[in-house]
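Here's the structure, in C-alpha cells; my notes come after.
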Amino acid sequence: MDQENVSATLTVAVPAARVFAVLADPTTHAAIDGTGWVQEPVDRAPLTEVGQIFRMDMYHANHPDGDYRVANRVEVLDPPRAIGWLTGQEKDGGHLEFGGWMWRYDLAPLGPSQTAVTLTYDWSAVPQSIRRYIQFPPFAPDHLTNSLHHLAELAASTSRASTPAG
C-alpha cells in the first residue's frame, strides 16, 4: 500500500461544537472506538491544549501483553474544527516514545445542527523499525466508519440530554 493514511467521513446531525466536546473528553473514547481496543481513560481531564498527554488502558489479543497502556499527545487542537493526537507509550522513568501514527478528526459545520466529520489515521511518520513488527493500518477499513457512527450516536445522545424540554 503506497498510501500512508486512511480516512472516512460521516455527516452527523449534531452541531460541530457538540461533536468537538465529545472528542475532547477522554472518558468518551472507549465508546467511540470502533475496534473495541480502547478500554478506560487513565487521564480523565478534557483535552484543552496542544502538548497535553492523556493515557488510555487498552486491550488487543495480538499485543504481547494483551492489556497495555498508551500515552497520547495532543498535536492538533482547533475548537470546534480539528483535534488530533499521536499515540505512544510511557517507558521506564516516565520517558514517552511515540510510534509515529496519528488520529485526527476534522469537523466542517454544514449548518447550525449538522457537521461533516472526517476521521484520519496517518502512519506516514512511523519508522521502519516499527513497521517490521506492525502492519499498517493495524485494523480493518471499516474501523473508521464504525468509530464515526459511534461518535454520531454519542454526540446526538449528549446533545439531547443537554437540550431543555420544550
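Lettering and numbering for the C-alpha cells are positional, with chains as A, B, ... in the shown order, residues counted from 1 in each chain, and ligands counted from 1 in the shown order.
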
Which polymer residues have any atom within 12 Å of an atom of A:Glu97, counting only C-alpha atoms, with same-chain residues fewer than 3 positions away left out, as an mmCIF file with all heavy atoms, in the first residue's frame?
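Here's the written file part04.cif:
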data_model
loop_
_atom_site.group_PDB
_atom_site.id
_atom_site.type_symbol
_atom_site.label_atom_id
_atom_site.label_comp_id
_atom_site.auth_asym_id
_atom_site.auth_seq_id
_atom_site.Cartn_x
_atom_site.Cartn_y
_atom_site.Cartn_z
ATOM 1 N N ILE A 53 -0.887 15.436 27.510
ATOM 2 C CA ILE A 53 -0.772 13.976 27.462
ATOM 3 C C ILE A 53 -2.017 13.378 28.125
ATOM 4 O O ILE A 53 -2.424 13.831 29.196
ATOM 5 C CB ILE A 53 0.487 13.483 28.213
ATOM 6 C CG1 ILE A 53 1.755 14.124 27.637
ATOM 7 C CG2 ILE A 53 0.560 11.958 28.217
ATOM 8 C CD1 ILE A 53 2.072 13.757 26.215
ATOM 9 N N VAL A 70 -1.522 3.144 26.543
ATOM 10 C CA VAL A 70 -0.922 4.080 25.602
ATOM 11 C C VAL A 70 -0.915 5.476 26.219
ATOM 12 O O VAL A 70 -1.726 5.792 27.085
ATOM 13 C CB VAL A 70 -1.664 4.112 24.237
ATOM 14 C CG1 VAL A 70 -1.542 2.780 23.519
ATOM 15 C CG2 VAL A 70 -3.109 4.542 24.377
ATOM 16 N N ALA A 71 0.026 6.268 25.765
ATOM 17 C CA ALA A 71 0.102 7.685 26.122
ATOM 18 C C ALA A 71 -0.090 8.457 24.826
ATOM 19 O O ALA A 71 0.612 8.218 23.844
ATOM 20 C CB ALA A 71 1.450 8.016 26.744
ATOM 21 N N ASN A 72 -1.078 9.335 24.807
ATOM 22 C CA ASN A 72 -1.380 10.139 23.623
ATOM 23 C C ASN A 72 -0.972 11.583 23.881
ATOM 24 O O ASN A 72 -1.194 12.094 24.983
ATOM 25 C CB ASN A 72 -2.879 10.090 23.319
ATOM 26 C CG ASN A 72 -3.357 8.688 23.065
ATOM 27 O OD1 ASN A 72 -2.996 8.071 22.089
ATOM 28 N ND2 ASN A 72 -4.182 8.166 23.977
ATOM 29 N N ARG A 73 -0.412 12.219 22.866
ATOM 30 C CA ARG A 73 -0.030 13.637 22.979
ATOM 31 C C ARG A 73 -0.851 14.432 21.973
ATOM 32 O O ARG A 73 -0.811 14.157 20.766
ATOM 33 C CB ARG A 73 1.456 13.827 22.709
ATOM 34 C CG ARG A 73 1.905 15.287 22.883
ATOM 35 C CD ARG A 73 3.383 15.464 22.683
ATOM 36 N NE ARG A 73 3.727 15.197 21.286
ATOM 37 C CZ ARG A 73 4.884 14.700 20.882
ATOM 38 N NH1 ARG A 73 5.837 14.402 21.751
ATOM 39 N NH2 ARG A 73 5.124 14.498 19.602
ATOM 40 N N LEU A 86 -1.018 12.022 18.680
ATOM 41 C CA LEU A 86 -0.061 10.947 18.415
ATOM 42 C C LEU A 86 -0.198 9.922 19.528
ATOM 43 O O LEU A 86 -0.418 10.283 20.686
ATOM 44 C CB LEU A 86 1.373 11.476 18.443
ATOM 45 C CG LEU A 86 1.895 12.197 17.225
ATOM 46 C CD1 LEU A 86 3.268 12.811 17.532
ATOM 47 C CD2 LEU A 86 1.994 11.254 16.043
ATOM 48 N N THR A 87 -0.023 8.662 19.179
ATOM 49 C CA THR A 87 -0.113 7.593 20.169
ATOM 50 C C THR A 87 1.273 7.002 20.416
ATOM 51 O O THR A 87 2.030 6.779 19.477
ATOM 52 C CB THR A 87 -1.078 6.497 19.687
ATOM 53 O OG1 THR A 87 -2.365 7.091 19.517
ATOM 54 C CG2 THR A 87 -1.172 5.364 20.678
ATOM 55 N N GLY A 88 1.581 6.779 21.689
ATOM 56 C CA GLY A 88 2.864 6.201 22.062
ATOM 57 C C GLY A 88 2.753 5.440 23.360
ATOM 58 O O GLY A 88 1.664 5.041 23.771
ATOM 59 N N GLN A 89 3.895 5.251 23.983
ATOM 60 C CA GLN A 89 3.962 4.522 25.249
ATOM 61 C C GLN A 89 4.879 5.247 26.213
ATOM 62 O O GLN A 89 5.821 5.925 25.802
ATOM 63 C CB GLN A 89 4.505 3.119 25.027
ATOM 64 C CG GLN A 89 3.607 2.232 24.223
ATOM 65 C CD GLN A 89 4.192 0.838 24.093
ATOM 66 O OE1 GLN A 89 5.388 0.660 23.951
ATOM 67 N NE2 GLN A 89 3.319 -0.154 24.151
ATOM 68 N N GLU A 90 4.592 5.041 27.493
ATOM 69 C CA GLU A 90 5.465 5.558 28.540
ATOM 70 C C GLU A 90 6.469 4.472 28.873
ATOM 71 O O GLU A 90 6.110 3.355 29.216
ATOM 72 C CB GLU A 90 4.637 5.932 29.764
ATOM 73 C CG GLU A 90 5.411 6.704 30.789
ATOM 74 C CD GLU A 90 4.518 7.326 31.847
ATOM 75 O OE1 GLU A 90 3.301 7.430 31.632
ATOM 76 O OE2 GLU A 90 5.066 7.713 32.887
ATOM 77 N N LYS A 91 7.744 4.806 28.745
ATOM 78 C CA LYS A 91 8.822 3.855 29.026
ATOM 79 C C LYS A 91 9.294 4.035 30.461
ATOM 80 O O LYS A 91 8.814 4.896 31.194
ATOM 81 C CB LYS A 91 9.989 4.085 28.045
ATOM 82 C CG LYS A 91 9.597 3.903 26.597
ATOM 83 C CD LYS A 91 9.198 2.470 26.313
ATOM 84 C CE LYS A 91 8.969 2.258 24.832
ATOM 85 N NZ LYS A 91 8.657 0.894 24.486
ATOM 86 N N ASP A 92 10.277 3.241 30.848
ATOM 87 C CA ASP A 92 10.833 3.348 32.200
ATOM 88 C C ASP A 92 11.268 4.774 32.481
ATOM 89 O O ASP A 92 11.804 5.457 31.613
ATOM 90 C CB ASP A 92 12.027 2.401 32.363
ATOM 91 C CG ASP A 92 11.608 0.936 32.312
ATOM 92 O OD1 ASP A 92 10.432 0.654 32.597
ATOM 93 O OD2 ASP A 92 12.458 0.091 31.978
ATOM 94 N N GLY A 93 11.024 5.205 33.698
ATOM 95 C CA GLY A 93 11.406 6.552 34.107
ATOM 96 C C GLY A 93 10.460 7.625 33.598
ATOM 97 O O GLY A 93 10.762 8.806 33.691
ATOM 98 N N GLY A 94 9.331 7.220 33.030
ATOM 99 C CA GLY A 94 8.350 8.195 32.562
ATOM 100 C C GLY A 94 8.635 8.772 31.192
ATOM 101 O O GLY A 94 7.906 9.651 30.734
ATOM 102 N N GLY A 100 4.688 7.303 15.786
ATOM 103 C CA GLY A 100 4.580 7.984 14.504
ATOM 104 C C GLY A 100 3.204 7.907 13.873
ATOM 105 O O GLY A 100 3.009 8.418 12.782
ATOM 106 N N TRP A 101 2.223 7.276 14.548
ATOM 107 C CA TRP A 101 0.882 7.257 13.984
ATOM 108 C C TRP A 101 0.000 8.248 14.722
ATOM 109 O O TRP A 101 0.155 8.499 15.903
ATOM 110 C CB TRP A 101 0.258 5.865 13.967
ATOM 111 C CG TRP A 101 0.221 5.138 15.278
ATOM 112 C CD1 TRP A 101 -0.788 5.167 16.202
ATOM 113 C CD2 TRP A 101 1.206 4.264 15.806
ATOM 114 N NE1 TRP A 101 -0.474 4.359 17.264
ATOM 115 C CE2 TRP A 101 0.744 3.785 17.040
ATOM 116 C CE3 TRP A 101 2.460 3.826 15.344
ATOM 117 C CZ2 TRP A 101 1.470 2.896 17.821
ATOM 118 C CZ3 TRP A 101 3.169 2.940 16.134
ATOM 119 C CH2 TRP A 101 2.679 2.490 17.345
ATOM 120 N N VAL A 126 5.793 6.714 10.838
ATOM 121 C CA VAL A 126 6.229 5.517 11.553
ATOM 122 C C VAL A 126 7.573 5.053 10.982
ATOM 123 O O VAL A 126 7.690 4.820 9.775
ATOM 124 C CB VAL A 126 5.184 4.379 11.433
ATOM 125 C CG1 VAL A 126 5.717 3.092 12.055
ATOM 126 C CG2 VAL A 126 3.877 4.799 12.083
ATOM 127 N N ILE A 130 9.640 0.068 13.460
ATOM 128 C CA ILE A 130 8.327 -0.328 13.979
ATOM 129 C C ILE A 130 7.532 -1.062 12.904
ATOM 130 O O ILE A 130 6.832 -2.035 13.188
ATOM 131 C CB ILE A 130 7.548 0.902 14.491
ATOM 132 C CG1 ILE A 130 8.247 1.471 15.737
ATOM 133 C CG2 ILE A 130 6.096 0.551 14.801
ATOM 134 C CD1 ILE A 130 7.650 2.744 16.271
#

Could you give me, as JSON lines, a per-residue list for stretch 106-139 of chain A showing, wherever an atom lies at most 12 Å from an atom of stretch 28-42 of chain A, the closest pair of atoms and their distance in Å to one decimal, using only C-alpha atoms and sorting by chain then residue number from low to high?
{"residue": "A:Leu119", "atom": "CA", "partner": "A:Asp33", "partner_atom": "CA", "distance": 11.5}
{"residue": "A:Pro138", "atom": "CA", "partner": "A:Thr35", "partner_atom": "CA", "distance": 10.2}
{"residue": "A:Phe139", "atom": "CA", "partner": "A:Thr35", "partner_atom": "CA", "distance": 7.5}

Among stretch 42-136 of chain A, which ones does DSSP place in strand (DSSP E or B), written as a PyMOL selection string? chain A and resi 53-59+67-78+82-90+96-109+115-122

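Between atom CA of A:Arg44 and atom CA of A:Glu153 the interatomic distance comes to 20.8 Å.
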
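With only C-alpha atoms as the atoms that count, the minimum distance from A:Leu148 to the choices A:Ala17, A:Pro46, A:Tyr105, A:Ser124 is reached by A:Tyr105.
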
Can you measure atom CA of A:Val74 to atom CA of A:Pro112 for me? One decimal in Å is fine.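 Distance reported for this atom pair: 27.0 Å.
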
Kindly indicate which residue among A:Ser147, A:Gln3, A:Ser129, A:Asn62 lies nearest to A:Trp103, using only C-alpha atoms for the distances.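 The shortest atom-to-atom distance to A:Trp103 comes from A:Ser147.
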
Distance criterion (only C-alpha atoms): nearest to A:Pro26 out of A:Val14, A:Ala155, A:Ile134, A:Met56: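 The closest residue to A:Pro26 is A:Met56.
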
Do a neighbour search on A:His63 at 12 Å with only C-alpha atoms, toss out local chain neighbours closer than 3 positions, and write the hits as a list in words. Trp37, Met58, Tyr59, His60, Gly66, Asp67, Tyr68, Arg69, Tyr133, Ile134 and Pro138 of chain A

How would the residues just picked look written out with C-alpha atoms as a PDB file, in the first residue's frame?
ATOM      1  CA  TRP A  37      -9.326  -1.889  21.856  1.00  0.00           C
ATOM      2  CA  MET A  58      -6.131  -0.783  26.013  1.00  0.00           C
ATOM      3  CA  TYR A  59      -6.646  -4.420  25.120  1.00  0.00           C
ATOM      4  CA  HIS A  60      -5.644  -6.212  21.923  1.00  0.00           C
ATOM      5  CA  GLY A  66      -2.927  -8.302  25.896  1.00  0.00           C
ATOM      6  CA  ASP A  67      -3.671  -5.427  28.273  1.00  0.00           C
ATOM      7  CA  TYR A  68      -1.476  -2.387  27.804  1.00  0.00           C
ATOM      8  CA  ARG A  69      -1.487   1.387  28.193  1.00  0.00           C
ATOM      9  CA  TYR A 133       6.524  -5.579  13.660  1.00  0.00           C
ATOM     10  CA  ILE A 134       3.221  -3.853  12.891  1.00  0.00           C
ATOM     11  CA  PRO A 138      -3.471  -2.411  12.067  1.00  0.00           C
TER      12      PRO A 138
END

Using only C-alpha atoms, the shortest atom-to-atom distance to A:Pro79 among A:Gln135, A:Thr27, A:Thr48, A:Gln128 belongs to A:Thr48

May I ask for the distance between atom CA of A:Ala21 and atom CA of A:Val117, given in Å to one decimal place?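 Going from atom CA of A:Ala21 over to atom CA of A:Val117 covers 13.2 Å.
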
With distances taken over only C-alpha atoms, which residue among A:Pro141, A:Asp25, A:Leu10, A:Asp122 lies nearest A:Gly99?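 Nearest to A:Gly99: A:Asp122.
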